[in-house]
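A short write-up of the structure that comes next.
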Amino acid sequence: MLFLRNTFMTVYKARVYPNYWDIMALLFVFTVFGLLAWDARQMAIPYELGQVIPITLNPHALPIYALRTVVRMLIALVFSLLFTFIFGTWAAKSPRAERIIIPVIDVLQSVPILGFLSIAIVGFIELFPGSLLGPECAAIFVIFTSQAWNMALGFYQTMRSVPSELKEAAHMFHLSAWQRFWRIEVPFSLPGLLWNMMMSMSAGWFFVVAAEAISVSNQQIALPGMGSYIALAIKSADLRAIAYAIITMFVVILLYDQILFRPLVAWAEKFRSEQVAGEHEAQSWMISLFRRTRLMRYLGQQFTRLADAFVNIRVFRSKPRIYMETIPTKNYEKLMTVFGYVSWVALTTAAIIFLTNFIIQSIPLRSVVHVFLLGLITALRVFVMVILCTFVWVPIGVWIGLRPNVARIAQPVAQFLAAFPANFLYPLVVILIVAYHLNPEIWLTPLMILGAQWYVLFNVVAGSSLLPKDLLQVVDNLGVNRWLRWRRLILPGIFPYVITGAITAAGGAWNASIVAEVVYWGNQKLSATGLGAYISQYTTVGDFTHIALGIGMMCLLVLFFNRIIWRPLYAYAENHFQLE
């Protein structure tokens, strides 16, 4: 209240009065805040474990369900952004932190959301007893796990690609690490970060069914939202309800694209490090509306001053350093490095010994070998799908990324296709497979990549948009043929982004295997041989021993393939294809 009073007094003294556009902007802002406040109140209503929350297939309930789901996803996106800024930056700045954070993210992005959910739901229900806030926080946490890893990896990769001339400029102006982060590194990373935020929202839609239809202690908790609606529609085999959900999804994606992402893309144009004649800035009707206001623009200027004060805060300014390196200091740093390695190896060894002992005592060796073979089958599916998607989406992504006018048109289309839950297509696939007597082992495989393929496209588009325009113009002026242009400039320039997209797509495909290798439509069930089907099978019956074995095997396989394939490729790209 004090802040509002001070703001009002400041506006009154400045004699800034609203115009007609201010009225429209204020109505829009108050409407958004009113809906968010209403949803926050619904999240904290009383709830006891075992209480049934009714879910209806009536289309009139879809706007409320869509609002509840979108708010959960936006809250998860905020926490994902905070996670990205902390750990993505830390990994990019500190080689020692990088050796721990990146492998941990590799493991976490391979852990199925069912594994996170089974752990999170009990903890959050105990944390908020007698309130729906417990299941709500568990759903938000699960959505967070589908968003954060992609954003952190993409931001980490972009932070390491900041041009050396920008770093030298920051050093010349004596910017502190805090100022350099907000003035140079974040603005430079904004294009890639925005595309990865869009992709993360899309990933959240893919897993929203599992996030909102929660199972705990053999009881079902169905939170009001689009995920619960879709789950009920699939269980009831109601094609009409699926059609209503598709229409609602189209409207929802269009709305948050226009209200959130399109203004962010247009706002990020001011941070472009280079301008080329003939390029048109991205437009947003919302930014145009606020630019025509009087009062809101004045308030925006005040908030800009607050943001500048936040960036220039005295506490985070660097102090003069005396560069006096002594032998004891170097020895201390070496000792701390060795201590960190020893601690990491000790913890990893202890975890492996504990899991091995648990598996030996609880599960026969034959079952472990069987699960390992199932993991290899799923791995083969993942690699085949990722390779095919890379060959398809790299040329398309480069074509979009090099043409800002095309990107402005393709971005909402790609975002809608990416945000469109692939689960909607599963019933149609089941019907076609049954009708034409197709082999589920083959035709269920593409379902694994339907949601994850967009990681490749969005990362390639982000990488292509960061290619230096002066180099592209030089290549065009010299009349370099198309293949040589690709081989010498485009492919080397986007190769780190392709690898980042492939890593996250592979992780998403591993995660999606749980819902793609076993699909339902009413009473019909189709399954394919693989580790995802194994985990899904024992999750249904509640066998936690076999669930732990399946999730542990998946984590080990993903970590193994990342170590021997993806990380060496990424290191090669980083060392050989720096556009400096």
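Ligands are numbered from 1 in the order shown, chains are lettered A, B, ... in the order of the structure tokens, and residues start at 1 in each chain.
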Skip Pro191 of chain A itself and residues of its chain fewer than 6 positions away, then list as a ChimeraX atom specification all residues within 9 Å of it, counting only C-alpha atoms. /A:265,268-269,272,462-463,465-466
Next, write the just-selected residues to a file, as a short mmCIF file (atom, residue, chain, number, x, y, z; two decimals), in the first residue's frame, keeping all heavy atoms as the atom set.
```cif
data_model
loop_
_atom_site.label_atom_id
_atom_site.label_comp_id
_atom_site.auth_asym_id
_atom_site.auth_seq_id
_atom_site.Cartn_x
_atom_site.Cartn_y
_atom_site.Cartn_z
N VAL A 265 9.42 -10.60 -27.87
CA VAL A 265 10.24 -10.63 -29.08
C VAL A 265 10.45 -9.23 -29.64
O VAL A 265 11.55 -8.84 -30.04
CB VAL A 265 9.60 -11.56 -30.13
CG1 VAL A 265 10.30 -11.44 -31.47
CG2 VAL A 265 9.64 -13.01 -29.66
N ALA A 268 12.80 -7.30 -27.40
CA ALA A 268 14.19 -7.77 -27.50
C ALA A 268 14.91 -7.18 -28.72
O ALA A 268 16.14 -7.25 -28.79
CB ALA A 268 14.23 -9.30 -27.56
N GLU A 269 14.15 -6.58 -29.66
CA GLU A 269 14.80 -5.98 -30.83
C GLU A 269 15.74 -4.85 -30.43
O GLU A 269 16.73 -4.59 -31.11
CB GLU A 269 13.72 -5.43 -31.78
CG GLU A 269 12.88 -6.49 -32.48
CD GLU A 269 13.63 -7.16 -33.60
OE1 GLU A 269 14.55 -6.53 -34.16
OE2 GLU A 269 13.30 -8.32 -33.91
N ARG A 272 19.51 -5.85 -30.03
CA ARG A 272 20.28 -6.43 -31.12
C ARG A 272 21.58 -5.68 -31.26
O ARG A 272 21.63 -4.45 -31.28
CB ARG A 272 19.49 -6.40 -32.42
CG ARG A 272 18.23 -7.26 -32.37
CD ARG A 272 17.54 -7.31 -33.70
NE ARG A 272 18.38 -7.94 -34.70
CZ ARG A 272 17.97 -8.23 -35.93
NH1 ARG A 272 16.75 -7.93 -36.31
NH2 ARG A 272 18.79 -8.80 -36.78
N ALA A 462 17.23 -20.08 -33.28
CA ALA A 462 17.94 -19.14 -32.42
C ALA A 462 19.39 -18.98 -32.86
O ALA A 462 19.92 -17.85 -32.91
CB ALA A 462 17.89 -19.63 -30.97
N GLY A 463 20.07 -20.08 -33.20
CA GLY A 463 21.46 -20.00 -33.64
C GLY A 463 21.60 -19.27 -34.97
O GLY A 463 22.54 -18.48 -35.16
N SER A 465 19.63 -16.95 -36.16
CA SER A 465 19.37 -15.52 -35.99
C SER A 465 20.57 -14.78 -35.41
O SER A 465 20.65 -13.55 -35.52
CB SER A 465 18.15 -15.32 -35.09
OG SER A 465 18.42 -15.79 -33.77
N LEU A 466 21.52 -15.51 -34.77
CA LEU A 466 22.71 -14.89 -34.18
C LEU A 466 23.91 -14.90 -35.12
O LEU A 466 24.97 -14.39 -34.76
CB LEU A 466 23.08 -15.60 -32.88
CG LEU A 466 22.09 -15.43 -31.72
CD1 LEU A 466 22.53 -16.25 -30.52
CD2 LEU A 466 21.95 -13.97 -31.34
#
```
Near-segment 204-206 of chain A list (10 Å; only C-alpha atoms; drop same-chain fewer than 3 positions) as a ChimeraX atom specification: /A:69-70,72-74,76-77,140,142-147,198-201,209-211,226-227,249,418-424,450-452,512
Name all residues at most 8 Å from segment 528-541 of chain A (count only C-alpha atoms; drop same-chain ones fewer than 6 positions away) and give them as a count of residues only. 21
What's around segment 54-67 of chain A at 9 Å? Count only C-alpha atoms, leave out sequence neighbours fewer than 5 positions away in its own chain, and write the answer as a VMD selection string. chain A and resid 35 to 36 39 72 222 to 230 232 to 233 238 241 244 to 245 248 to 249 252
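Residue nearest Met151 of chain A, chosen from A:Pro129, A:Pro492, A:Gly88, A:Gly134 and counting only C-alpha atoms: A:Gly88.
Here atom CA of Phe391 of chain A stands at a distance of 11.7 Å from atom CA of Val460 of chain A.
The coordinates place atom CA of Leu295 of chain A at 28.4 Å from atom CA of Ile75 of chain A.
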For atom CA of Val311 of chain A and atom CA of Trp178 of chain A, determine how far apart the two atoms are, in Å to one decimal place. 7.0 Å
Per residue of segment 535-575 of chain A within 9 Å of segment 96-113 of chain A, what are the shortest atom pair and its distance in Å to one decimal, counting only C-alpha atoms, with rows by chain and residue number, as a Markdown table?
```
| residue | atom | partner | partner_atom | distance |
| --- | --- | --- | --- | --- |
| A:Ile551 | CA | A:Val111 | CA | 6.4 |
| A:Gly552 | CA | A:Val111 | CA | 8.2 |
| A:Met554 | CA | A:Ser110 | CA | 6.9 |
| A:Cys555 | CA | A:Val107 | CA | 5.7 |
| A:Leu556 | CA | A:Val107 | CA | 7.9 |
| A:Val558 | CA | A:Ser110 | CA | 6.3 |
| A:Leu559 | CA | A:Val107 | CA | 5.9 |
| A:Asn562 | CA | A:Asp106 | CA | 7.3 |
| A:Arg563 | CA | A:Pro103 | CA | 8.5 |
```
Find the residues near Ser367 of chain A: any atom within 12 Å, counting only C-alpha atoms, skip ones fewer than 6 places away on the same chain, and give them as a ChimeraX atom specification. /A:359-360,373-374,534,545-546,549-550,553
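Between Gly493 of chain A and the candidates A:Met385, A:Ala505, A:Val398, A:Ala548, the tightest atom-to-atom separation, counting only C-alpha atoms, involves A:Val398.
Counting only C-alpha atoms, the residue from A:Ile259, A:Val480, A:Leu289, A:Ala203 that sits nearest to Ala509 of chain A is A:Ala203.
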Counting only C-alpha atoms, figure out which residue out of A:Tyr298, A:Ala37, A:Leu239, A:Ser161 gets nearest to Ala573 of chain A. A:Ser161
Could you pull the residues within 10 Å of Phe155 of chain A, counting only C-alpha atoms, minus those fewer than 3 positions along the same chain, as number ranges by chain? A: 81, 84-85, 87-89, 91-92, 149-152, 158-161, 185-186, 189-190, 192-194, 196
